[in-house]
Amino acid sequence: MTDLANRLPPYARAMGMRIEGLLDGAPLLAMDFSDRAMGRPGYLHGGAIAGLLEIAAIMALHAELGEEDAKVRFKPVNISVEYLRGGITVETFARGEVIRAGRRIANVRAEAWQADRTKPLASCWMNFLIKPKV
Amino acid sequence: MDSTPQSTAENGGGRPPIPQDMAFEPSRFGKFMMKHGHTGFVGMEYRAHGPNWIELGLPWREDLVGDPETGVLASGPIISLLDNATSMSVWALRGGFRPQVTLDLRIDYVRAATPGKTIIAWAECYQLKTSMAFVRGIAHDGDIADPVAHAAGIFIQVDADGWSREPETKA
């Protein structure tokens with residue numbers, strides 16, 4: 001988990017994202033509410049939610065690749081976010097689920113929630129292109 | 001605008017409510033936006049607008065990087081920029097501010113952003129209906145013919161009631 005935490009990029013750290021451990025086998029991301037994440041008054045910015053979903057998806061893929069992770073680089077190809085509820089000014093969690101990690105493409109879904117995991121704020125799918133490190 | 005209170009840690013980082021009757025003047029709105037909340041943190045800037053479009057900028061910054069090895073910006077701030085640009089394009093077409101929320105937003109990353117360069121987002125509202133506004137946008141780093149990302153999304157027009165709220169108070 002320490003290794004994964006070291007992979008959090010500067011953007012994730014600046015937004016106050018951290019890895020809280022594993023949840024059902026995938027890294028659990030947490031982000032405290034701060035002014036940095038505020039959109040319309042009293043609610044999380046959609047971009048901040050999408051940013052957290054993306055980091056959760058990326059961390060889930062790092063974890064899923066395991067030993068292979070050191071040998072490859074991957075980059076996001078696309079993302080589609082659906083917003084389900086307004087995010088309020090409390091702690092937010094997110095978890096990614098690798099649907100398939102092939103040789104070239106990985107398909108990952110992620111969900112974000114606040115107090116109640118069964119009431120997600122937003123979900124997304126993301127596709128990644130995987131390439132061997134040169 | 002000068003009289004708007006600054007956000008503080010004490011009030012949960014709340015930015016002041018936007019007056020419901022606020023005329024939408026994009027450059028003024030842009031200056032308001034830049035000071036507060038997430039848009040203020042990532043450093044969005046107003047650049048230009050037209051009848052149904054808007055252009056915003058996001059200067060490169062080290063703490064917004066997604067890949068420390070290359071210095072390429074994280075995609076999160078680019079989504080935020082496209083979210084705001086597409087959202088503001090609706091108000092540009094409507095000719096006034098009206099509360100709306102993002103239903104969905106899709107981004108295709110066609111190439112990595114060039115490290116050190118400002119990202120520019122151009123977005124338009126191409127259909128405005130009673131309940132839904134359909135938007136699309138392009139992010140580039142200097143040449144719109146060589147984009148970094150494409151966006152497509154939908155905003156739902158909502159009632160002012162419940163659109164904004166007081167931040168949670170610390171227990």
# chains A, B, ... in the order shown; residues from 1 in each chain; ligands from 1
>>> interface_residues(of="chain B", to="chain A", cutoff="6 Å", atoms="only C-alpha atoms", output="ChimeraX atom specification")
/B:13,15,17,37-38,41,63-66,76,79-80,103-109,164-168
>>> residues_around(residues="Arg18 (chain A)", least_positions_apart="6", cutoff="10 Å", atoms="only C-alpha atoms", output="ChimeraX atom specification")
/A:4-5,8,12,27-32,52,55-56,93
>>> write_last_selection(atoms="N, CA and C atoms", output="mmCIF file, in the first residue's frame")
data_model
loop_
_atom_site.group_PDB
_atom_site.id
_atom_site.type_symbol
_atom_site.label_atom_id
_atom_site.label_comp_id
_atom_site.auth_asym_id
_atom_site.auth_seq_id
_atom_site.Cartn_x
_atom_site.Cartn_y
_atom_site.Cartn_z
ATOM 1 N N LEU A 4 1.891 1.992 -3.449
ATOM 2 C CA LEU A 4 0.811 2.642 -4.185
ATOM 3 C C LEU A 4 0.683 4.108 -3.796
ATOM 4 N N ALA A 5 0.772 4.373 -2.500
ATOM 5 C CA ALA A 5 0.667 5.756 -2.021
ATOM 6 C C ALA A 5 1.751 6.621 -2.662
ATOM 7 N N LEU A 8 0.830 8.238 -6.004
ATOM 8 C CA LEU A 8 -0.131 9.340 -6.119
ATOM 9 C C LEU A 8 0.580 10.541 -6.738
ATOM 10 N N ALA A 12 -2.966 14.735 -7.239
ATOM 11 C CA ALA A 12 -3.759 14.028 -6.224
ATOM 12 C C ALA A 12 -3.380 14.508 -4.824
ATOM 13 N N PRO A 27 -7.717 -0.497 -4.083
ATOM 14 C CA PRO A 27 -7.366 0.659 -3.245
ATOM 15 C C PRO A 27 -8.561 1.574 -3.003
ATOM 16 N N LEU A 28 -8.711 1.991 -1.751
ATOM 17 C CA LEU A 28 -9.777 2.930 -1.390
ATOM 18 C C LEU A 28 -9.169 4.323 -1.302
ATOM 19 N N LEU A 29 -9.665 5.233 -2.140
ATOM 20 C CA LEU A 29 -9.196 6.626 -2.130
ATOM 21 C C LEU A 29 -10.105 7.456 -1.248
ATOM 22 N N ALA A 30 -9.499 8.397 -0.516
ATOM 23 C CA ALA A 30 -10.292 9.308 0.310
ATOM 24 C C ALA A 30 -9.815 10.722 0.050
ATOM 25 N N MET A 31 -10.730 11.651 0.117
ATOM 26 C CA MET A 31 -10.404 13.065 -0.067
ATOM 27 C C MET A 31 -11.238 13.880 0.920
ATOM 28 N N ASP A 32 -10.557 14.568 1.831
ATOM 29 C CA ASP A 32 -11.262 15.460 2.752
ATOM 30 C C ASP A 32 -11.835 16.620 1.956
ATOM 31 N N LEU A 52 -10.995 12.664 -8.753
ATOM 32 C CA LEU A 52 -10.886 11.601 -7.739
ATOM 33 C C LEU A 52 -11.210 10.239 -8.352
ATOM 34 N N ILE A 55 -8.196 9.099 -10.381
ATOM 35 C CA ILE A 55 -7.083 8.621 -9.547
ATOM 36 C C ILE A 55 -7.428 7.239 -8.966
ATOM 37 N N ALA A 56 -8.698 7.038 -8.579
ATOM 38 C CA ALA A 56 -9.120 5.725 -8.064
ATOM 39 C C ALA A 56 -8.967 4.662 -9.149
ATOM 40 N N PHE A 93 -15.105 9.345 -0.863
ATOM 41 C CA PHE A 93 -14.339 8.127 -1.124
ATOM 42 C C PHE A 93 -14.520 7.712 -2.580
#
>>> residues_around(residues="Thr130 (chain B)", least_positions_apart="4", cutoff="12 Å", atoms="only C-alpha atoms", output="PyMOL selection string")
chain B and resi 94+98+100+134+155-158
>>> closest_residue(among="B:Trp53, B:Pro115, B:Gly95, B:Ser87", to="Pro68 (chain B)", atoms="only C-alpha atoms")
B:Pro115
>>> closest_residue(among="A:Ala115, A:Ile130, A:Leu23, A:Ala110", to="Leu65 (chain A)", atoms="only C-alpha atoms")
A:Ile130
>>> atom_distance(atom1="CA of Met17 (chain A)", atom2="CA of Glu97 (chain A)")
17.9 Å
>>> residues_around(residues="Gln114 (chain A)", least_positions_apart="6", cutoff="8 Å", atoms="only C-alpha atoms", output="PDB file with N, CA and C atoms, in the first residue's frame")
ATOM      1  N   GLY A  87     -22.363  16.297  -4.549  1.00  0.00           N
ATOM      2  CA  GLY A  87     -21.425  15.965  -3.475  1.00  0.00           C
ATOM      3  C   GLY A  87     -21.383  17.120  -2.493  1.00  0.00           C
ATOM      4  N   VAL A  90     -18.267  17.202   2.688  1.00  0.00           N
ATOM      5  CA  VAL A  90     -17.743  16.220   3.651  1.00  0.00           C
ATOM      6  C   VAL A  90     -16.728  15.331   2.924  1.00  0.00           C
ATOM      7  N   GLU A  91     -16.132  14.384   3.660  1.00  0.00           N
ATOM      8  CA  GLU A  91     -15.142  13.490   3.062  1.00  0.00           C
ATOM      9  C   GLU A  91     -15.767  12.653   1.937  1.00  0.00           C
ATOM     10  N   THR A  92     -14.997  12.436   0.894  1.00  0.00           N
ATOM     11  CA  THR A  92     -15.467  11.662  -0.262  1.00  0.00           C
ATOM     12  C   THR A  92     -14.537  10.469  -0.488  1.00  0.00           C
ATOM     13  N   PHE A  93     -15.105   9.345  -0.863  1.00  0.00           N
ATOM     14  CA  PHE A  93     -14.339   8.127  -1.124  1.00  0.00           C
ATOM     15  C   PHE A  93     -14.520   7.712  -2.580  1.00  0.00           C
ATOM     16  N   PRO A 120     -23.980   6.333  -4.487  1.00  0.00           N
ATOM     17  CA  PRO A 120     -22.836   6.978  -5.151  1.00  0.00           C
ATOM     18  C   PRO A 120     -23.156   8.383  -5.661  1.00  0.00           C
ATOM     19  N   LEU A 121     -22.132   9.231  -5.631  1.00  0.00           N
ATOM     20  CA  LEU A 121     -22.231  10.602  -6.170  1.00  0.00           C
ATOM     21  C   LEU A 121     -22.096  10.584  -7.671  1.00  0.00           C
TER      22      LEU A 121
END
>>> residues_around(residues="Val134 (chain A)", least_positions_apart="6", cutoff="10 Å", atoms="only C-alpha atoms", output="NGL selection string")
:A and (71-73)
>>> write_last_selection(atoms="C-alpha atoms", output="compact mmCIF listing (two decimals), in the first residue's frame")
# COMPACT_ATOMS: atom_id res chain seq x y z
CA LYS A 71 7.29 -3.09 -16.84
CA VAL A 72 4.56 -0.99 -18.44
CA ARG A 73 3.30 2.55 -18.79
>>> residues_around(residues="Phe29 (chain B)", least_positions_apart="2", cutoff="12 Å", atoms="only C-alpha atoms", output="PyMOL selection string")
chain B and resi 1+18-19+22-27+31-36+39+44-49+54+56+84-85+88+91-92+96-97
>>> write_last_selection(atoms="C-alpha atoms", output="mmCIF file, in the first residue's frame")
data_model
loop_
_atom_site.group_PDB
_atom_site.id
_atom_site.type_symbol
_atom_site.label_atom_id
_atom_site.label_comp_id
_atom_site.auth_asym_id
_atom_site.auth_seq_id
_atom_site.Cartn_x
_atom_site.Cartn_y
_atom_site.Cartn_z
ATOM 1 C CA MET B 1 -17.727 42.111 -6.979
ATOM 2 C CA ILE B 18 -24.090 33.707 -6.786
ATOM 3 C CA PRO B 19 -27.024 36.133 -6.934
ATOM 4 C CA MET B 22 -26.816 38.032 -11.857
ATOM 5 C CA ALA B 23 -26.460 38.979 -15.490
ATOM 6 C CA PHE B 24 -23.970 36.713 -17.184
ATOM 7 C CA GLU B 25 -21.021 38.770 -18.218
ATOM 8 C CA PRO B 26 -18.363 36.141 -18.878
ATOM 9 C CA SER B 27 -15.230 38.187 -18.232
ATOM 10 C CA LYS B 31 -12.731 36.986 -12.489
ATOM 11 C CA PHE B 32 -15.216 35.905 -9.814
ATOM 12 C CA MET B 33 -14.559 32.268 -10.618
ATOM 13 C CA MET B 34 -10.801 32.591 -10.498
ATOM 14 C CA LYS B 35 -10.810 33.683 -6.896
ATOM 15 C CA HIS B 36 -12.859 30.903 -5.380
ATOM 16 C CA THR B 39 -11.674 26.807 -10.174
ATOM 17 C CA MET B 44 -8.684 28.909 -14.487
ATOM 18 C CA GLU B 45 -8.751 32.115 -16.471
ATOM 19 C CA TYR B 46 -11.359 33.691 -18.728
ATOM 20 C CA ARG B 47 -10.067 34.347 -22.264
ATOM 21 C CA ALA B 48 -12.922 35.078 -24.670
ATOM 22 C CA HIS B 49 -16.538 34.346 -25.498
ATOM 23 C CA ILE B 54 -16.517 30.434 -24.340
ATOM 24 C CA LEU B 56 -10.943 29.511 -20.803
ATOM 25 C CA ASN B 84 -16.508 24.937 -16.594
ATOM 26 C CA ALA B 85 -16.063 25.967 -20.217
ATOM 27 C CA MET B 88 -20.392 28.657 -19.183
ATOM 28 C CA TRP B 91 -24.992 30.750 -20.044
ATOM 29 C CA ALA B 92 -23.404 32.518 -23.000
ATOM 30 C CA GLY B 96 -27.966 34.885 -18.434
ATOM 31 C CA PHE B 97 -27.023 32.742 -15.523
#
>>> atom_distance(atom1="CA of Thr114 (chain B)", atom2="CA of Glu111 (chain A)")
29.3 Å
>>> select_by_dssp(residues="region 60-156 of chain B", states="alpha helix (DSSP H)", output="list in words")
Ser75, Gly76, Pro77, Ile78, Ile79, Ser80, Leu81, Leu82, Asp83, Asn84, Ala85, Thr86, Ser87, Met88, Ser89, Val90, Trp91, Ala92, Leu93 and Arg94 of chain B
>>> write_last_selection(atoms="C-alpha atoms", output="PDB file, in the first residue's frame")
ATOM      1  CA  SER B  75      -6.332  14.868 -16.535  1.00  0.00           C
ATOM      2  CA  GLY B  76      -8.397  15.986 -13.524  1.00  0.00           C
ATOM      3  CA  PRO B  77      -7.695  19.710 -14.022  1.00  0.00           C
ATOM      4  CA  ILE B  78      -8.400  19.333 -17.767  1.00  0.00           C
ATOM      5  CA  ILE B  79     -11.809  17.791 -16.986  1.00  0.00           C
ATOM      6  CA  SER B  80     -12.481  20.646 -14.567  1.00  0.00           C
ATOM      7  CA  LEU B  81     -11.570  23.191 -17.249  1.00  0.00           C
ATOM      8  CA  LEU B  82     -13.807  21.526 -19.844  1.00  0.00           C
ATOM      9  CA  ASP B  83     -16.617  21.193 -17.279  1.00  0.00           C
ATOM     10  CA  ASN B  84     -16.508  24.937 -16.594  1.00  0.00           C
ATOM     11  CA  ALA B  85     -16.063  25.967 -20.217  1.00  0.00           C
ATOM     12  CA  THR B  86     -18.965  23.814 -21.417  1.00  0.00           C
ATOM     13  CA  SER B  87     -21.113  24.987 -18.499  1.00  0.00           C
ATOM     14  CA  MET B  88     -20.392  28.657 -19.183  1.00  0.00           C
ATOM     15  CA  SER B  89     -21.147  28.194 -22.895  1.00  0.00           C
ATOM     16  CA  VAL B  90     -24.751  27.443 -21.902  1.00  0.00           C
ATOM     17  CA  TRP B  91     -24.992  30.750 -20.044  1.00  0.00           C
ATOM     18  CA  ALA B  92     -23.404  32.518 -23.000  1.00  0.00           C
ATOM     19  CA  LEU B  93     -26.142  31.159 -25.296  1.00  0.00           C
ATOM     20  CA  ARG B  94     -28.903  31.765 -22.755  1.00  0.00           C
TER      21      ARG B  94
END
>>> select_by_dssp(residues="region 6-134 of chain A", states="strand (DSSP E or B)", output="number ranges by chain")
A: 17-23, 26-31, 38, 43-44, 72-83, 88, 92-101, 105-113, 122-132
>>> atom_distance(atom1="CA of Ile19 (chain A)", atom2="CA of Ala63 (chain A)")
12.0 Å
>>> closest_residue(among="A:Gly102, A:Gly96, A:Lys133, A:Phe128", to="Ala57 (chain A)", atoms="only C-alpha atoms")
A:Gly96
>>> closest_residue(among="A:Ala112, A:Leu129, A:Met59, A:Val98", to="Phe74 (chain A)", atoms="only C-alpha atoms")
A:Leu129
